[in-house]
Amino acid sequence: MVPRKLWRRPLDSEQIKLPKAEIHIIPDLCKGCDFCIEFCPRKALEESDKLNKRGVYPPKVADESKCTLCGFCTAICPDFAIFTTEKKEETSRNGR
Amino acid sequence: MSESNLMMHHYLAKYLRQERMPHIWCEGCGNGILLNCFLQAINELNVDLNKIVVVSGIGCIGRVSGYINVDSFHTTHGRAIAFATGVKLANPELEVVVISGDGDLFAIGGNHFIHAARRNVDIKVICANNFNYGMTGGQYGPTTPLDAWTTTTPYGNIEHPFNLAHLAAAAGAVYVARWTSLHVRRLKASIIKALQKEGFSFIEMISPCPEIFDRYNKMGTAVDVMKWFRLVSQVRHGCDPAKAEITENEILVGEFVDIEKPSYGRLLREMTSRVQDKLKREES
Ligand SMILES: Cc1ncc(C[n+]2csc(CCOP(=O)(O)OP(=O)(O)O)c2C)c(N)n1
Ligand code: SF4
Ligand code: SF4
Ligand SMILES: [Mg+2]
């Protein structure tokens with residue numbers, strides 16, 4: 001494998017804007033299946049330590065900056081209790 | 001923002017009957033995922049909601065018709081396909097989708113299924129297969145695996161299950177796909193494809209039933225069942241459905257059948273206009 005320091009930098013990396021995600025959780029809709037926490041490819045979610053009104057621990061955001069807006073949590077949630085949107089202001093890859 | 005307000009910002013909220021939420025399904029039940037994928041599919045296709053009809057039978061998944069904000073019908077046990085056939089023939093403009101359970105579609109409704117497939121009635125059938133009758137407390141049914149424990153097979157099941165994909169293909173379906181509830185992207189893509197196809201399409205979603213079937217069979221939590229799906233699923237597009245068995249060590253998934261054949265409705269309309277022309281000619 002090529003050592004990391006020799007990797008080529010894409011010429012347009014200065015201009016590339018990575019979208020910033022906002023994760024919205026509706027805690028009281030959650031039934032506590034944990035699918036989003038378990039299957040988020042970026043591990044951006046974790047179990048909350050506060051019971052919701054159904055008596056289960058809904059997810060909470062562990063690290064919003066990890067989220068790539070892939071939408072898997074939204075697609076797999078059986079209860080429509082989580083979705084993500086793009087934050088309006090954008091930063092470049094280097095500005096993160 | 002209050003919680004109900006936040007819910008309204010979910011991009012699928014407009015397809016749900018909000019006043020009926022939350023749905024009745026247990027924590028980790030695959031039925032909610034099937035509903036989610038179906039709504040994703042109609043959202044992506046951007047179809048006229050007045051042109052979509054959802055028909056379901058009886059069972060846990062049968063409740064789905066009450067949650068979707070289109071004209072939908074919760075019919076009697078086993079008769080969803082018969083009802084849907086009538087809707088489609090009466091108004092061919094409509095896109096008619098049956099969403100129902102393995103018990104509803106293949107036990108009490110089994111004959112409707114094979115004959116609708118044989119006649120190539122232009123309806124789409126999506127089955128949540130959880131290997132048992134969830135709603136009535138976990139009795140065994142035509143999809144229960146050999147040796148599985150259910151409330152009516154207390155010493156293990158001694159009946160061989162149907163391979164639903166094979167049954168659908170052998171009976172004449174033009175599109176047959178199987179996914180698990182972990183394959184949300186592929187399932188959505190299959191629903192989109194089926195909705196655009198003419199003829200009898202069948203999609204099977206293998207579904208966790210964490211409260212009943214999975215609990216009795218000591219399969220762990222819903223997450224454990226989903227991880228099992230991930231471990232044993234193998235995508236085999238075009239695979240002979242006869243060989244696409246479901247075992248503890250292997251679940252073959254994919255698009256098994258994708259063929260073209262004129263639908264019953266089309267042949268019926270062509271025949272009607274031919275006969276009417278002939279009668280007119282004979283009169284004059
Ligand atoms: C004519 C008639 N017979 C029996 C029943 C009882 N019954 C209700 S739901 C059901 C089985 C449902 O199983 P399935 O279609 O697999 O749905 P699930 O609950 O597993 O989602 C049965 C036998 C009924 N409602 N009506
Ligand atoms: S959108 Fe994707 S990356 Fe972001 S929280 Fe959901 S599953 Fe994780
Ligand atoms: S009994 Fe099984 S199929 Fe019915 S809602 Fe509960 S988990 Fe789902
Ligand atoms: Mg069932």
# chains A, B, ... in the order shown; residues from 1 in each chain; ligands from 1
>>> residues_near_ligand(ligand="ligand 1", cutoff="9 Å", atoms="only C-alpha atoms and all ligand atoms", output="PDB file with N, CA, C and O atoms, in the first residue's frame")
ATOM      1  N   ASN B  31     -42.523  -4.681  10.265  1.00  0.00           N
ATOM      2  CA  ASN B  31     -43.639  -4.069   9.536  1.00  0.00           C
ATOM      3  C   ASN B  31     -43.451  -2.563   9.342  1.00  0.00           C
ATOM      4  O   ASN B  31     -43.783  -2.020   8.293  1.00  0.00           O
ATOM      5  N   GLY B  57     -54.901  -7.436   4.095  1.00  0.00           N
ATOM      6  CA  GLY B  57     -55.773  -8.427   4.716  1.00  0.00           C
ATOM      7  C   GLY B  57     -55.693  -8.285   6.231  1.00  0.00           C
ATOM      8  O   GLY B  57     -55.431  -7.207   6.749  1.00  0.00           O
ATOM      9  N   ILE B  58     -55.881  -9.406   6.925  1.00  0.00           N
ATOM     10  CA  ILE B  58     -55.898  -9.358   8.389  1.00  0.00           C
ATOM     11  C   ILE B  58     -54.575  -9.887   8.947  1.00  0.00           C
ATOM     12  O   ILE B  58     -53.998 -10.822   8.420  1.00  0.00           O
ATOM     13  N   GLY B  59     -54.150  -9.290  10.036  1.00  0.00           N
ATOM     14  CA  GLY B  59     -52.887  -9.662  10.672  1.00  0.00           C
ATOM     15  C   GLY B  59     -52.216  -8.393  11.153  1.00  0.00           C
ATOM     16  O   GLY B  59     -52.709  -7.289  10.903  1.00  0.00           O
ATOM     17  N   CYS B  60     -51.073  -8.530  11.821  1.00  0.00           N
ATOM     18  CA  CYS B  60     -50.367  -7.313  12.274  1.00  0.00           C
ATOM     19  C   CYS B  60     -50.080  -6.415  11.078  1.00  0.00           C
ATOM     20  O   CYS B  60     -50.408  -5.232  11.079  1.00  0.00           O
ATOM     21  N   ILE B  61     -49.487  -6.981  10.019  1.00  0.00           N
ATOM     22  CA  ILE B  61     -49.124  -6.157   8.861  1.00  0.00           C
ATOM     23  C   ILE B  61     -50.378  -5.637   8.165  1.00  0.00           C
ATOM     24  O   ILE B  61     -50.344  -4.589   7.524  1.00  0.00           O
ATOM     25  N   GLY B  62     -51.499  -6.330   8.337  1.00  0.00           N
ATOM     26  CA  GLY B  62     -52.755  -5.888   7.729  1.00  0.00           C
ATOM     27  C   GLY B  62     -53.156  -4.485   8.156  1.00  0.00           C
ATOM     28  O   GLY B  62     -53.869  -3.781   7.434  1.00  0.00           O
ATOM     29  N   ARG B  63     -52.657  -4.053   9.309  1.00  0.00           N
ATOM     30  CA  ARG B  63     -53.001  -2.714   9.783  1.00  0.00           C
ATOM     31  C   ARG B  63     -52.392  -1.615   8.917  1.00  0.00           C
ATOM     32  O   ARG B  63     -52.733  -0.452   9.052  1.00  0.00           O
ATOM     33  N   THR B  76     -61.208  -8.519   4.509  1.00  0.00           N
ATOM     34  CA  THR B  76     -61.330  -9.698   5.365  1.00  0.00           C
ATOM     35  C   THR B  76     -60.120 -10.626   5.174  1.00  0.00           C
ATOM     36  O   THR B  76     -59.382 -10.518   4.199  1.00  0.00           O
ATOM     37  N   HIS B  77     -59.965 -11.542   6.111  1.00  0.00           N
ATOM     38  CA  HIS B  77     -58.776 -12.390   6.147  1.00  0.00           C
ATOM     39  C   HIS B  77     -58.638 -13.225   4.871  1.00  0.00           C
ATOM     40  O   HIS B  77     -59.529 -13.981   4.506  1.00  0.00           O
ATOM     41  N   GLY B  78     -57.508 -13.064   4.199  1.00  0.00           N
ATOM     42  CA  GLY B  78     -57.211 -13.876   3.028  1.00  0.00           C
ATOM     43  C   GLY B  78     -57.751 -13.340   1.719  1.00  0.00           C
ATOM     44  O   GLY B  78     -57.462 -13.880   0.655  1.00  0.00           O
ATOM     45  N   SER B 100     -49.512  -7.505   2.695  1.00  0.00           N
ATOM     46  CA  SER B 100     -50.135  -8.389   3.674  1.00  0.00           C
ATOM     47  C   SER B 100     -49.143  -9.407   4.233  1.00  0.00           C
ATOM     48  O   SER B 100     -47.961  -9.401   3.875  1.00  0.00           O
ATOM     49  N   GLY B 101     -49.648 -10.290   5.087  1.00  0.00           N
ATOM     50  CA  GLY B 101     -48.766 -11.217   5.791  1.00  0.00           C
ATOM     51  C   GLY B 101     -48.654 -12.574   5.134  1.00  0.00           C
ATOM     52  O   GLY B 101     -49.418 -12.935   4.225  1.00  0.00           O
ATOM     53  N   ASP B 102     -47.709 -13.353   5.609  1.00  0.00           N
ATOM     54  CA  ASP B 102     -47.491 -14.702   5.092  1.00  0.00           C
ATOM     55  C   ASP B 102     -48.705 -15.593   5.372  1.00  0.00           C
ATOM     56  O   ASP B 102     -49.095 -16.409   4.532  1.00  0.00           O
ATOM     57  N   GLY B 103     -49.326 -15.407   6.517  1.00  0.00           N
ATOM     58  CA  GLY B 103     -50.509 -16.213   6.837  1.00  0.00           C
ATOM     59  C   GLY B 103     -51.684 -15.809   5.975  1.00  0.00           C
ATOM     60  O   GLY B 103     -52.355 -16.650   5.357  1.00  0.00           O
ATOM     61  N   ASP B 104     -51.907 -14.525   5.895  1.00  0.00           N
ATOM     62  CA  ASP B 104     -53.044 -14.004   5.138  1.00  0.00           C
ATOM     63  C   ASP B 104     -52.948 -14.370   3.657  1.00  0.00           C
ATOM     64  O   ASP B 104     -53.918 -14.807   3.040  1.00  0.00           O
ATOM     65  N   LEU B 105     -51.768 -14.228   3.074  1.00  0.00           N
ATOM     66  CA  LEU B 105     -51.605 -14.426   1.638  1.00  0.00           C
ATOM     67  C   LEU B 105     -51.433 -15.884   1.235  1.00  0.00           C
ATOM     68  O   LEU B 105     -51.752 -16.263   0.108  1.00  0.00           O
ATOM     69  N   PHE B 106     -50.893 -16.718   2.145  1.00  0.00           N
ATOM     70  CA  PHE B 106     -50.510 -18.063   1.706  1.00  0.00           C
ATOM     71  C   PHE B 106     -51.222 -19.197   2.428  1.00  0.00           C
ATOM     72  O   PHE B 106     -51.139 -20.338   1.991  1.00  0.00           O
ATOM     73  N   ALA B 107     -51.916 -18.886   3.536  1.00  0.00           N
ATOM     74  CA  ALA B 107     -52.720 -19.932   4.173  1.00  0.00           C
ATOM     75  C   ALA B 107     -54.150 -19.755   3.677  1.00  0.00           C
ATOM     76  O   ALA B 107     -54.523 -20.267   2.625  1.00  0.00           O
ATOM     77  N   ILE B 108     -54.936 -18.947   4.384  1.00  0.00           N
ATOM     78  CA  ILE B 108     -56.337 -18.754   4.006  1.00  0.00           C
ATOM     79  C   ILE B 108     -56.469 -18.140   2.611  1.00  0.00           C
ATOM     80  O   ILE B 108     -57.423 -18.410   1.892  1.00  0.00           O
ATOM     81  N   CYS B 127     -45.264  -8.976   0.656  1.00  0.00           N
ATOM     82  CA  CYS B 127     -45.564  -9.826   1.818  1.00  0.00           C
ATOM     83  C   CYS B 127     -44.526  -9.617   2.911  1.00  0.00           C
ATOM     84  O   CYS B 127     -43.326  -9.737   2.670  1.00  0.00           O
ATOM     85  N   ALA B 128     -45.002  -9.321   4.117  1.00  0.00           N
ATOM     86  CA  ALA B 128     -44.113  -9.305   5.284  1.00  0.00           C
ATOM     87  C   ALA B 128     -44.110 -10.716   5.850  1.00  0.00           C
ATOM     88  O   ALA B 128     -45.086 -11.144   6.457  1.00  0.00           O
ATOM     89  N   ASN B 129     -43.032 -11.446   5.598  1.00  0.00           N
ATOM     90  CA  ASN B 129     -42.956 -12.835   6.043  1.00  0.00           C
ATOM     91  C   ASN B 129     -42.216 -12.915   7.375  1.00  0.00           C
ATOM     92  O   ASN B 129     -40.997 -12.770   7.432  1.00  0.00           O
ATOM     93  N   ASN B 130     -42.986 -13.149   8.436  1.00  0.00           N
ATOM     94  CA  ASN B 130     -42.373 -13.288   9.773  1.00  0.00           C
ATOM     95  C   ASN B 130     -42.501 -14.722  10.278  1.00  0.00           C
ATOM     96  O   ASN B 130     -42.354 -14.989  11.454  1.00  0.00           O
ATOM     97  N   PHE B 131     -42.823 -15.642   9.384  1.00  0.00           N
ATOM     98  CA  PHE B 131     -42.825 -17.088   9.651  1.00  0.00           C
ATOM     99  C   PHE B 131     -43.916 -17.557  10.615  1.00  0.00           C
ATOM    100  O   PHE B 131     -43.866 -18.691  11.091  1.00  0.00           O
ATOM    101  N   ASN B 132     -44.862 -16.677  10.915  1.00  0.00           N
ATOM    102  CA  ASN B 132     -45.928 -17.113  11.831  1.00  0.00           C
ATOM    103  C   ASN B 132     -47.121 -16.165  11.769  1.00  0.00           C
ATOM    104  O   ASN B 132     -47.089 -15.159  11.054  1.00  0.00           O
ATOM    105  N   TYR B 133     -48.181 -16.506  12.509  1.00  0.00           N
ATOM    106  CA  TYR B 133     -49.332 -15.616  12.657  1.00  0.00           C
ATOM    107  C   TYR B 133     -49.057 -14.738  13.874  1.00  0.00           C
ATOM    108  O   TYR B 133     -49.356 -15.117  15.014  1.00  0.00           O
ATOM    109  N   GLY B 134     -48.485 -13.572  13.639  1.00  0.00           N
ATOM    110  CA  GLY B 134     -48.119 -12.706  14.763  1.00  0.00           C
ATOM    111  C   GLY B 134     -49.334 -12.232  15.547  1.00  0.00           C
ATOM    112  O   GLY B 134     -49.400 -12.344  16.774  1.00  0.00           O
ATOM    113  N   MET B 135     -50.315 -11.735  14.823  1.00  0.00           N
ATOM    114  CA  MET B 135     -51.426 -11.050  15.481  1.00  0.00           C
ATOM    115  C   MET B 135     -52.186 -11.929  16.474  1.00  0.00           C
ATOM    116  O   MET B 135     -52.604 -11.479  17.527  1.00  0.00           O
ATOM    117  N   THR B 136     -52.358 -13.194  16.135  1.00  0.00           N
ATOM    118  CA  THR B 136     -53.190 -14.051  16.980  1.00  0.00           C
ATOM    119  C   THR B 136     -52.373 -14.805  18.025  1.00  0.00           C
ATOM    120  O   THR B 136     -52.874 -15.739  18.643  1.00  0.00           O
ATOM    121  N   GLY B 137     -51.124 -14.442  18.200  1.00  0.00           N
ATOM    122  CA  GLY B 137     -50.355 -15.010  19.296  1.00  0.00           C
ATOM    123  C   GLY B 137     -49.292 -16.010  18.898  1.00  0.00           C
ATOM    124  O   GLY B 137     -48.763 -16.729  19.743  1.00  0.00           O
ATOM    125  N   GLY B 138     -48.973 -16.079  17.609  1.00  0.00           N
ATOM    126  CA  GLY B 138     -47.813 -16.873  17.217  1.00  0.00           C
ATOM    127  C   GLY B 138     -48.097 -18.316  16.858  1.00  0.00           C
ATOM    128  O   GLY B 138     -47.328 -19.221  17.195  1.00  0.00           O
ATOM    129  N   GLN B 139     -49.204 -18.566  16.155  1.00  0.00           N
ATOM    130  CA  GLN B 139     -49.443 -19.928  15.660  1.00  0.00           C
ATOM    131  C   GLN B 139     -48.544 -20.212  14.449  1.00  0.00           C
ATOM    132  O   GLN B 139     -48.086 -19.302  13.784  1.00  0.00           O
ATOM    133  N   GLY B 141     -47.735 -21.489  10.613  1.00  0.00           N
ATOM    134  CA  GLY B 141     -48.438 -21.284   9.342  1.00  0.00           C
ATOM    135  C   GLY B 141     -47.632 -21.873   8.210  1.00  0.00           C
ATOM    136  O   GLY B 141     -46.649 -22.589   8.447  1.00  0.00           O
ATOM    137  N   THR B 143     -45.419 -20.813   6.298  1.00  0.00           N
ATOM    138  CA  THR B 143     -44.028 -20.406   6.100  1.00  0.00           C
ATOM    139  C   THR B 143     -43.149 -20.778   7.285  1.00  0.00           C
ATOM    140  O   THR B 143     -41.942 -20.523   7.255  1.00  0.00           O
ATOM    141  N   CYS B 209     -40.019 -10.699  13.953  1.00  0.00           N
ATOM    142  CA  CYS B 209     -41.200 -10.624  14.822  1.00  0.00           C
ATOM    143  C   CYS B 209     -40.660 -10.808  16.239  1.00  0.00           C
ATOM    144  O   CYS B 209     -40.788 -11.875  16.825  1.00  0.00           O
TER     145      CYS B 209
END
>>> closest_atom_pairs(of="chain B", to="chain A", cutoff="9 Å", atoms="only C-alpha atoms", output="CSV")
residue,atom,partner,partner_atom,distance
B:Glu3,CA,A:Ile26,CA,6.0
B:Ser4,CA,A:Ile26,CA,8.4
B:Leu6,CA,A:Ile26,CA,7.1
B:Met7,CA,A:Ile26,CA,7.0
B:His9,CA,A:Phe83,CA,8.8
B:His10,CA,A:Phe83,CA,6.4
B:Tyr11,CA,A:Phe83,CA,8.2
B:Leu12,CA,A:Phe80,CA,8.2
B:Ala13,CA,A:Phe80,CA,8.3
B:Met21,CA,A:Leu29,CA,8.6
B:Pro22,CA,A:Leu29,CA,6.8
B:His23,CA,A:Asp79,CA,7.7
B:Trp25,CA,A:Pro78,CA,8.8
B:Cys26,CA,A:Lys31,CA,7.8
B:Glu27,CA,A:Lys31,CA,5.2
B:Gly28,CA,A:Cys33,CA,4.6
B:Cys29,CA,A:Pro78,CA,7.3
B:Gly30,CA,A:Pro78,CA,7.0
B:Asn31,CA,A:Pro78,CA,7.2
B:Gly32,CA,A:Pro78,CA,3.8
B:Ile33,CA,A:Pro78,CA,4.5
B:Leu34,CA,A:Pro78,CA,7.9
B:Leu35,CA,A:Pro78,CA,7.6
B:Asn36,CA,A:Ala75,CA,6.5
B:Cys37,CA,A:Ala75,CA,6.9
B:Gln40,CA,A:Ala75,CA,7.9
B:Ser181,CA,A:Ile76,CA,8.1
B:Leu182,CA,A:Ile76,CA,7.4
B:His183,CA,A:Ile76,CA,8.8
B:Val184,CA,A:Ile76,CA,6.4
B:Arg185,CA,A:Ala75,CA,7.9
B:Thr221,CA,A:Cys33,CA,8.4
B:Ala222,CA,A:Cys33,CA,6.7
B:Val223,CA,A:Phe35,CA,6.3
B:Met226,CA,A:Phe35,CA,8.4
>>> residues_around(residues="Asp63 in chain A", least_positions_apart="6", cutoff="10 Å", atoms="only C-alpha atoms", output="list of chain:residue names")
A:Ile23, A:Arg42, A:Lys43, A:Ala44, A:Leu45, A:Glu46
>>> write_last_selection(atoms="all heavy atoms", output="mmCIF file, in the first residue's frame")
data_model
loop_
_atom_site.group_PDB
_atom_site.id
_atom_site.type_symbol
_atom_site.label_atom_id
_atom_site.label_comp_id
_atom_site.auth_asym_id
_atom_site.auth_seq_id
_atom_site.Cartn_x
_atom_site.Cartn_y
_atom_site.Cartn_z
ATOM 1 N N ILE A 23 -29.134 16.232 12.763
ATOM 2 C CA ILE A 23 -29.893 15.010 13.041
ATOM 3 C C ILE A 23 -31.077 15.370 13.932
ATOM 4 O O ILE A 23 -30.902 15.991 14.970
ATOM 5 C CB ILE A 23 -29.009 13.954 13.736
ATOM 6 C CG1 ILE A 23 -27.752 13.679 12.903
ATOM 7 C CG2 ILE A 23 -29.794 12.673 13.986
ATOM 8 C CD1 ILE A 23 -26.746 12.756 13.580
ATOM 9 N N ARG A 42 -21.535 5.454 10.536
ATOM 10 C CA ARG A 42 -20.567 6.397 11.091
ATOM 11 C C ARG A 42 -20.588 6.446 12.610
ATOM 12 O O ARG A 42 -19.888 7.252 13.210
ATOM 13 C CB ARG A 42 -20.848 7.792 10.521
ATOM 14 C CG ARG A 42 -20.838 7.849 8.992
ATOM 15 C CD ARG A 42 -19.445 7.909 8.445
ATOM 16 N NE ARG A 42 -18.791 9.117 8.916
ATOM 17 C CZ ARG A 42 -17.480 9.301 8.957
ATOM 18 N NH1 ARG A 42 -16.688 8.347 8.532
ATOM 19 N NH2 ARG A 42 -16.971 10.417 9.403
ATOM 20 N N LYS A 43 -21.427 5.633 13.215
ATOM 21 C CA LYS A 43 -21.553 5.617 14.679
ATOM 22 C C LYS A 43 -21.796 7.028 15.234
ATOM 23 O O LYS A 43 -21.161 7.460 16.187
ATOM 24 C CB LYS A 43 -20.312 4.970 15.334
ATOM 25 C CG LYS A 43 -20.148 3.496 14.963
ATOM 26 C CD LYS A 43 -21.076 2.609 15.780
ATOM 27 C CE LYS A 43 -21.258 1.218 15.210
ATOM 28 N NZ LYS A 43 -22.445 1.013 14.393
ATOM 29 N N ALA A 44 -22.722 7.718 14.587
ATOM 30 C CA ALA A 44 -23.014 9.092 15.002
ATOM 31 C C ALA A 44 -24.056 9.159 16.116
ATOM 32 O O ALA A 44 -24.328 10.226 16.661
ATOM 33 C CB ALA A 44 -23.501 9.897 13.800
ATOM 34 N N LEU A 45 -24.638 7.998 16.439
ATOM 35 C CA LEU A 45 -25.728 7.980 17.420
ATOM 36 C C LEU A 45 -25.370 7.075 18.595
ATOM 37 O O LEU A 45 -24.568 6.149 18.459
ATOM 38 C CB LEU A 45 -27.009 7.457 16.749
ATOM 39 C CG LEU A 45 -27.481 8.221 15.526
ATOM 40 C CD1 LEU A 45 -28.476 7.386 14.732
ATOM 41 C CD2 LEU A 45 -28.112 9.550 15.927
ATOM 42 N N GLU A 46 -25.987 7.363 19.739
ATOM 43 C CA GLU A 46 -25.817 6.474 20.894
ATOM 44 C C GLU A 46 -27.106 6.475 21.700
ATOM 45 O O GLU A 46 -27.991 7.302 21.468
ATOM 46 C CB GLU A 46 -24.631 6.911 21.748
ATOM 47 C CG GLU A 46 -24.829 8.265 22.400
ATOM 48 C CD GLU A 46 -23.583 8.780 23.105
ATOM 49 O OE1 GLU A 46 -22.516 8.145 22.976
ATOM 50 O OE2 GLU A 46 -23.685 9.817 23.776
#
>>> select_by_dssp(residues="range 4-64 of chain A", states="alpha helix (DSSP H)", output="PDB file with N, CA and C atoms, in the first residue's frame")
ATOM      1  N   PHE A  35     -32.129   0.150  16.093  1.00  0.00           N
ATOM      2  CA  PHE A  35     -31.609  -0.100  14.736  1.00  0.00           C
ATOM      3  C   PHE A  35     -30.702   1.046  14.266  1.00  0.00           C
ATOM      4  N   CYS A  36     -31.128   2.294  14.511  1.00  0.00           N
ATOM      5  CA  CYS A  36     -30.344   3.434  14.010  1.00  0.00           C
ATOM      6  C   CYS A  36     -28.973   3.477  14.670  1.00  0.00           C
ATOM      7  N   ILE A  37     -28.962   3.212  15.982  1.00  0.00           N
ATOM      8  CA  ILE A  37     -27.694   3.259  16.717  1.00  0.00           C
ATOM      9  C   ILE A  37     -26.774   2.159  16.187  1.00  0.00           C
ATOM     10  N   GLU A  38     -27.335   0.971  16.031  1.00  0.00           N
ATOM     11  CA  GLU A  38     -26.556  -0.185  15.638  1.00  0.00           C
ATOM     12  C   GLU A  38     -26.042  -0.081  14.196  1.00  0.00           C
ATOM     13  N   PHE A  39     -26.889   0.399  13.289  1.00  0.00           N
ATOM     14  CA  PHE A  39     -26.543   0.302  11.871  1.00  0.00           C
ATOM     15  C   PHE A  39     -26.064   1.615  11.244  1.00  0.00           C
TER      16      PHE A  39
END
>>> atom_distance(atom1="CA of His166 in chain B", atom2="CA of Arg79 in chain B")
21.4 Å
>>> atom_distance(atom1="CA of Ile126 in chain B", atom2="CA of Thr180 in chain B")
12.2 Å
>>> select_by_dssp(residues="range 6-194 of chain B", states="strand (DSSP E)", output="list in words")
Ile52, Val53, Val54, Val55, Ser56, Asp71, Ser72, Phe73, His74, Glu95, Val96, Val97, Val98, Ile99, Ser100, Gly101, Lys124, Val125, Ile126, Cys127, Ala128, Asn129, Tyr175, Val176, Ala177, Arg178, Trp179 and Thr180 of chain B
>>> closest_residue(among="B:Val232, B:Val64, B:Val176, B:Val87", to="ligand 3", atoms="only C-alpha atoms and all ligand atoms")
B:Val64
>>> closest_residue(among="B:Pro208, B:Gly110, B:Pro154, B:Gly172", to="ligand 4", atoms="only C-alpha atoms and all ligand atoms")
B:Pro208
>>> closest_residue(among="B:Gly220, B:Gly109, B:Pro210, B:Gly156", to="ligand 3", atoms="only C-alpha atoms and all ligand atoms")
B:Pro210
>>> closest_residue(among="B:Ala148, B:Ala169, B:Leu187, B:Ile212", to="Ala117 in chain B", atoms="only C-alpha atoms")
B:Ala169
